[in-house]
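Below you'll find the structure, written out as structure tokens, and then a few comments.
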Amino acid sequence: MPEIDFVIAWVDGADPAHAEARRRFKLAAGGNIHSGATADARFRENGEIYYLIASILKYAPFVRRVHIVTDNQKPALLDSFAASRLCAPDFLKLVSHDVIFHGLDAARPTFNSLAIEAAIWRIPDLAEHFVYCNDDMFLNAPLTEEDFFREGRPVIRGIMMKPNRRRLRTMLRKLLPRSSGRKNIRPKYRIVQENAARLAGVTENFLHVHHHPHALRRSLLGEFYRDRSEVLSKQVNYRFRNIEQYLPVSLSNHLELVYVTPFVKRKRTVAYIRPGRKGLPHKTVNAIRNEVTLFGCVQHLDSFSPEVQAEVHQVLCDKFRHVLPPTILQLIGKTDGKSGKCAG
């Protein structure tokens, strides 16, 4: 089986320097960016990355290395994994934006995950086969290499969808008079996937993927950008997410569909913990505790009540107790006296 790396994009939006830079560039942009692209919730971290690292150690022992991409930041307790001998000293590797954007005319500093994701294939010593995921995800059950790659090809999880122009809702909107003259600038998840499909030459039904870890091939992305360098240059020049951008993961998926025959699975295998509920749904908690789904995700944890936050941290700390450093486990309930935050 091929060597497989993990790549995680991470940011500490509470860092005063980062928060001030974000505020300053947001003001400078005026009304040319959608509010969702600058919302503070997009940049908050609540220690979720430690659960993700622990889950890789527990459920994916075949992973060669984990690359954590940051803007010269560092998770405060990252070194505690190696210090506790839970992993080798070189297993967790910090990668600066300076490195992945080297030689590119990129907007810096960037607050744009779509720009960052477009350049992660440039990480030095990155394995040809790698998995990209956000820091609010975690592996939820034992995995093998073939859950991500088979015969050297990525396993893609998603469903085929009609392009936006062919949806009934879109066609009806074109027939109705506009209530305002404002142009839609919201970079919706569906739209940036459609944009990616078109870049790959797919103009009809496109593959819509959900929020989970994604298997990618470094050489495929490198070859595409070598022939279409202007695409990468444009992508990394948006300081905040923009409707004109594309989802890099989706670009990779559609390139796979065009040039090879990847393995595509329709079933969603994610246990979601997300806002909009008063408490934790028992079905989701059971799925996490009993390893029912392959992956898990905690979205916008800080938007929950302190009581629910404490419960989430307790569930995840219990699940990964044997692969979390004692330093992190000792912080349960001690961060602010309310949230039960496992780490920060």
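We label chains A, B, ... in the order they appear in the structure tokens, count residues from 1 in each chain, and number ligands from 1 in the order shown.
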All residues 6 Å or closer to range 205-207 of chain A, only C-alpha atoms, same chain fewer than 5 positions away omitted, as a ChimeraX atom specification: /A:159-163
All helix (DSSP H, G or I) residues (DSSP, backbone) inside range 169-268 of chain A, as a PyMOL selection string: chain A and resi 169-175+189-199+218-227+229-235+248-259
Spatial neighbours of range 79-86 of chain A, 10 Å, only C-alpha atoms, chain gap at least 6 places, as a ChimeraX atom specification: /A:50,53-54,57-58,92,322-328
Distance in Å - CA of Val260 in chain A versus CA of Ala197 in chain A: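 Separation of CA of Val260 in chain A and CA of Ala197 in chain A: 14.9 Å.
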Backbone-only DSSP, strand (DSSP E) members of range 115-254 of chain A, as a PDB file with C-alpha atoms, in the first residue's frame:
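states04.pdb written:
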ATOM      1  CA  HIS A 129      -1.372  10.006  -1.407  1.00  0.00           C
ATOM      2  CA  PHE A 130      -2.701  12.241   1.339  1.00  0.00           C
ATOM      3  CA  VAL A 131      -5.908  13.007   3.218  1.00  0.00           C
ATOM      4  CA  TYR A 132      -7.056  16.566   3.825  1.00  0.00           C
ATOM      5  CA  CYS A 133      -9.467  17.539   6.569  1.00  0.00           C
ATOM      6  CA  ASN A 134     -10.503  20.486   8.694  1.00  0.00           C
ATOM      7  CA  MET A 137     -13.329  16.568  12.167  1.00  0.00           C
ATOM      8  CA  PHE A 138     -12.163  13.305  13.687  1.00  0.00           C
ATOM      9  CA  LEU A 139     -11.926   9.650  12.758  1.00  0.00           C
ATOM     10  CA  PHE A 149      -7.252   4.727  -1.451  1.00  0.00           C
ATOM     11  CA  ARG A 150      -7.794   1.610  -3.543  1.00  0.00           C
ATOM     12  CA  ARG A 153      -6.965   5.835  -6.531  1.00  0.00           C
ATOM     13  CA  PRO A 154      -8.894   7.965  -4.029  1.00  0.00           C
ATOM     14  CA  VAL A 155     -12.101   6.742  -2.448  1.00  0.00           C
ATOM     15  CA  ILE A 156     -14.539   9.612  -2.998  1.00  0.00           C
ATOM     16  CA  ARG A 157     -17.731   9.961  -0.974  1.00  0.00           C
ATOM     17  CA  GLY A 158     -20.480  12.034  -2.573  1.00  0.00           C
ATOM     18  CA  ILE A 159     -23.519  12.132  -4.829  1.00  0.00           C
ATOM     19  CA  MET A 160     -24.141  13.452  -8.324  1.00  0.00           C
ATOM     20  CA  MET A 161     -26.224  16.638  -8.488  1.00  0.00           C
ATOM     21  CA  PHE A 206     -21.312  17.358 -10.743  1.00  0.00           C
ATOM     22  CA  LEU A 207     -20.134  15.337  -7.745  1.00  0.00           C
ATOM     23  CA  HIS A 208     -21.225  16.953  -4.486  1.00  0.00           C
ATOM     24  CA  VAL A 209     -19.175  15.925  -1.458  1.00  0.00           C
ATOM     25  CA  HIS A 214     -10.898  13.777   1.587  1.00  0.00           C
ATOM     26  CA  ALA A 215      -8.385  11.545  -0.197  1.00  0.00           C
ATOM     27  CA  LEU A 216      -6.191  13.373  -2.733  1.00  0.00           C
ATOM     28  CA  ARG A 217      -3.232  12.712  -5.026  1.00  0.00           C
TER      29      ARG A 217
END
Distance query Asp135 in chain A at most 7 Å, only C-alpha atoms, self and fewer than 2 positions along chain excluded, as a list in words: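 Result of the neighbour search: Ile8, Ala9, Trp10, Glu48, Ile49, Leu52, Cys133 and Met137 of chain A.
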Write out as a PDB file with C-alpha atoms, in the first residue's frame which residues come within 10 Å of range 233-244 of chain A when counting only C-alpha atoms, dropping same-chain ones fewer than 6 positions away.
ATOM      1  CA  ARG A  22      -8.619  40.171  10.061  1.00  0.00           C
ATOM      2  CA  PHE A  25      -8.573  43.835   6.057  1.00  0.00           C
ATOM      3  CA  LYS A  26     -12.293  43.287   6.509  1.00  0.00           C
ATOM      4  CA  ALA A  29     -12.673  45.320   1.726  1.00  0.00           C
ATOM      5  CA  ASN A  32     -17.124  43.432  -1.476  1.00  0.00           C
ATOM      6  CA  ILE A  33     -17.084  40.285   0.664  1.00  0.00           C
ATOM      7  CA  HIS A  34     -19.908  38.229   2.106  1.00  0.00           C
ATOM      8  CA  SER A  35     -20.371  38.443   5.883  1.00  0.00           C
ATOM      9  CA  GLY A  36     -20.100  34.654   6.169  1.00  0.00           C
ATOM     10  CA  ALA A  37     -16.535  34.795   4.847  1.00  0.00           C
ATOM     11  CA  THR A  38     -15.440  37.053   7.713  1.00  0.00           C
ATOM     12  CA  PHE A 101       2.656  30.118  -0.882  1.00  0.00           C
ATOM     13  CA  LEU A 104       3.175  32.684  -5.570  1.00  0.00           C
ATOM     14  CA  ASP A 105       1.709  36.164  -5.767  1.00  0.00           C
ATOM     15  CA  ALA A 106      -0.704  35.350  -2.947  1.00  0.00           C
ATOM     16  CA  ALA A 107      -2.692  37.736  -0.784  1.00  0.00           C
ATOM     17  CA  ARG A 108      -0.975  37.690   2.593  1.00  0.00           C
ATOM     18  CA  PRO A 109      -2.058  37.368   5.281  1.00  0.00           C
ATOM     19  CA  THR A 110      -4.867  35.172   4.054  1.00  0.00           C
ATOM     20  CA  PHE A 111      -8.062  34.353   5.934  1.00  0.00           C
ATOM     21  CA  ASN A 112      -9.312  32.128   3.153  1.00  0.00           C
ATOM     22  CA  SER A 113      -9.454  28.345   3.506  1.00  0.00           C
ATOM     23  CA  LEU A 114     -10.125  27.967  -0.235  1.00  0.00           C
ATOM     24  CA  ALA A 115      -6.832  29.697  -1.012  1.00  0.00           C
ATOM     25  CA  ILE A 116      -4.943  27.640   1.565  1.00  0.00           C
ATOM     26  CA  GLU A 117      -6.409  24.342   0.375  1.00  0.00           C
ATOM     27  CA  ALA A 118      -5.397  25.133  -3.218  1.00  0.00           C
ATOM     28  CA  ALA A 119      -1.733  25.251  -2.178  1.00  0.00           C
ATOM     29  CA  ASN A 184     -25.347  37.376  -4.797  1.00  0.00           C
ATOM     30  CA  ILE A 185     -21.788  37.134  -3.464  1.00  0.00           C
ATOM     31  CA  ARG A 186     -22.197  34.306  -0.961  1.00  0.00           C
ATOM     32  CA  PRO A 187     -19.604  31.550  -1.615  1.00  0.00           C
ATOM     33  CA  LYS A 188     -21.952  28.663  -0.853  1.00  0.00           C
ATOM     34  CA  TYR A 189     -20.484  25.177  -0.511  1.00  0.00           C
ATOM     35  CA  ILE A 191     -21.439  26.825  -5.725  1.00  0.00           C
ATOM     36  CA  VAL A 192     -17.703  26.457  -5.102  1.00  0.00           C
ATOM     37  CA  ASN A 195     -17.006  26.043 -10.012  1.00  0.00           C
ATOM     38  CA  TYR A 225      -1.642  23.666 -11.897  1.00  0.00           C
TER      39      TYR A 225
END
Spatial neighbours of Arg44 in chain A, max dist 12 Å, only C-alpha atoms, sep filter under 3 positions, as a ChimeraX atom specification: /A:10-15,18-19,38-41,47-49,135-136,299-303,344
For the selection just defined, write its residues with N, CA and C atoms to a file, as a CSV table (one decimal), in the first residue's frame.
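Writing the result to part_17.csv gives the following:
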chain,number,residue,atom,x,y,z
A,10,TRP,N,-5.2,24.7,10.2
A,10,TRP,CA,-5.6,25.2,11.5
A,10,TRP,C,-5.3,26.6,11.7
A,11,VAL,N,-6.2,27.3,12.5
A,11,VAL,CA,-6.0,28.7,12.8
A,11,VAL,C,-6.5,29.0,14.2
A,12,ASP,N,-5.8,29.9,14.9
A,12,ASP,CA,-6.3,30.4,16.2
A,12,ASP,C,-6.8,31.8,16.0
A,13,GLY,N,-8.1,31.9,15.7
A,13,GLY,CA,-8.7,33.2,15.4
A,13,GLY,C,-8.7,34.2,16.6
A,14,ALA,N,-8.5,33.6,17.8
A,14,ALA,CA,-8.5,34.4,19.0
A,14,ALA,C,-7.1,35.1,19.2
A,15,ASP,N,-6.1,34.7,18.5
A,15,ASP,CA,-4.8,35.3,18.6
A,15,ASP,C,-4.9,36.8,18.3
A,18,HIS,N,-3.8,38.0,14.8
A,18,HIS,CA,-4.6,37.5,13.8
A,18,HIS,C,-6.0,38.2,13.7
A,19,ALA,N,-6.6,38.4,14.9
A,19,ALA,CA,-7.9,39.0,15.0
A,19,ALA,C,-7.8,40.5,14.5
A,38,THR,N,-16.2,36.4,6.7
A,38,THR,CA,-15.4,37.1,7.7
A,38,THR,C,-15.9,36.8,9.1
A,39,ALA,N,-17.0,36.0,9.3
A,39,ALA,CA,-17.6,35.7,10.6
A,39,ALA,C,-16.5,35.1,11.5
A,40,ASP,N,-16.5,35.6,12.8
A,40,ASP,CA,-15.6,35.2,13.8
A,40,ASP,C,-15.6,33.6,14.0
A,41,ALA,N,-16.8,33.1,13.9
A,41,ALA,CA,-17.0,31.6,14.1
A,41,ALA,C,-16.2,30.8,13.2
A,47,GLY,N,-9.9,23.6,20.6
A,47,GLY,CA,-9.1,22.4,21.0
A,47,GLY,C,-9.5,21.1,20.2
A,48,GLU,N,-10.4,21.3,19.1
A,48,GLU,CA,-10.8,20.1,18.4
A,48,GLU,C,-9.7,19.4,17.7
A,49,ILE,N,-8.6,20.1,17.3
A,49,ILE,CA,-7.5,19.5,16.6
A,49,ILE,C,-6.9,18.4,17.4
A,135,ASP,N,-9.9,21.0,11.0
A,135,ASP,CA,-9.6,20.6,12.4
A,135,ASP,C,-10.8,20.3,13.2
A,136,ASP,N,-12.0,20.5,12.7
A,136,ASP,CA,-13.2,20.1,13.5
A,136,ASP,C,-13.7,18.7,13.2
A,299,GLN,N,-19.1,21.0,14.7
A,299,GLN,CA,-19.1,22.3,14.1
A,299,GLN,C,-19.5,23.4,15.1
A,300,HIS,N,-18.7,24.5,15.1
A,300,HIS,CA,-19.0,25.7,15.9
A,300,HIS,C,-19.3,25.3,17.3
A,301,LEU,N,-18.4,24.6,18.0
A,301,LEU,CA,-18.6,24.1,19.3
A,301,LEU,C,-18.9,25.3,20.3
A,302,ASP,N,-18.3,26.4,20.1
A,302,ASP,CA,-18.5,27.5,21.0
A,302,ASP,C,-19.8,28.2,20.9
A,303,SER,N,-20.6,27.8,19.9
A,303,SER,CA,-22.0,28.3,19.8
A,303,SER,C,-23.0,27.6,20.7
A,344,GLY,N,-7.0,24.2,24.8
A,344,GLY,CA,-7.2,25.4,24.1
A,344,GLY,C,-5.9,25.8,23.5
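Rounded to one decimal, CA of Gln309 in chain A and CA of Asn140 in chain A lie 18.8 Å from each other.
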Neighbour list for Val63 in chain A as number ranges by chain, cut-off 7 Å, only C-alpha atoms, skip fewer than 2 positions in-chain: A: 4-5, 60-61, 65
Given only C-alpha atoms as the counted atoms, nearest of A:Leu94, A:Leu77, A:Ala200, A:Ala287 to Ser250 in chain A: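 Distance minimum relative to Ser250 in chain A lands on A:Ala200.
Comparing A:Arg289, A:Val264, A:Val66, A:Ala88 by their smallest distance to Leu126 in chain A, the closest is A:Val66 (using only C-alpha atoms).
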Interatomic distance, CA of Ser55 in chain A to CA of Pro142 in chain A (Å, one decimal):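 A separation of 9.2 Å between them.
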For Arg198 in chain A, the nearest of the candidates A:His211, A:Leu251, A:Thr144, A:Arg226, counting only C-alpha atoms: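 Residue with the minimum atom-to-atom distance to Arg198 in chain A: A:Leu251.
With only C-alpha atoms as the atoms that count, the residue of A:Val308, A:Ala141, A:Val202, A:Val292 with the shortest distance to Phe320 in chain A is A:Ala141.
The nearest approach to Asp318 in chain A among the residues A:Ile100, A:Val298, A:Val285, A:Ala127, with only C-alpha atoms taken into account, belongs to A:Val285.
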Shortest interatomic distance to Lys267 in chain A - which of A:Val312, A:Leu255, A:Leu294, A:Ile56, counting only C-alpha atoms: A:Leu294
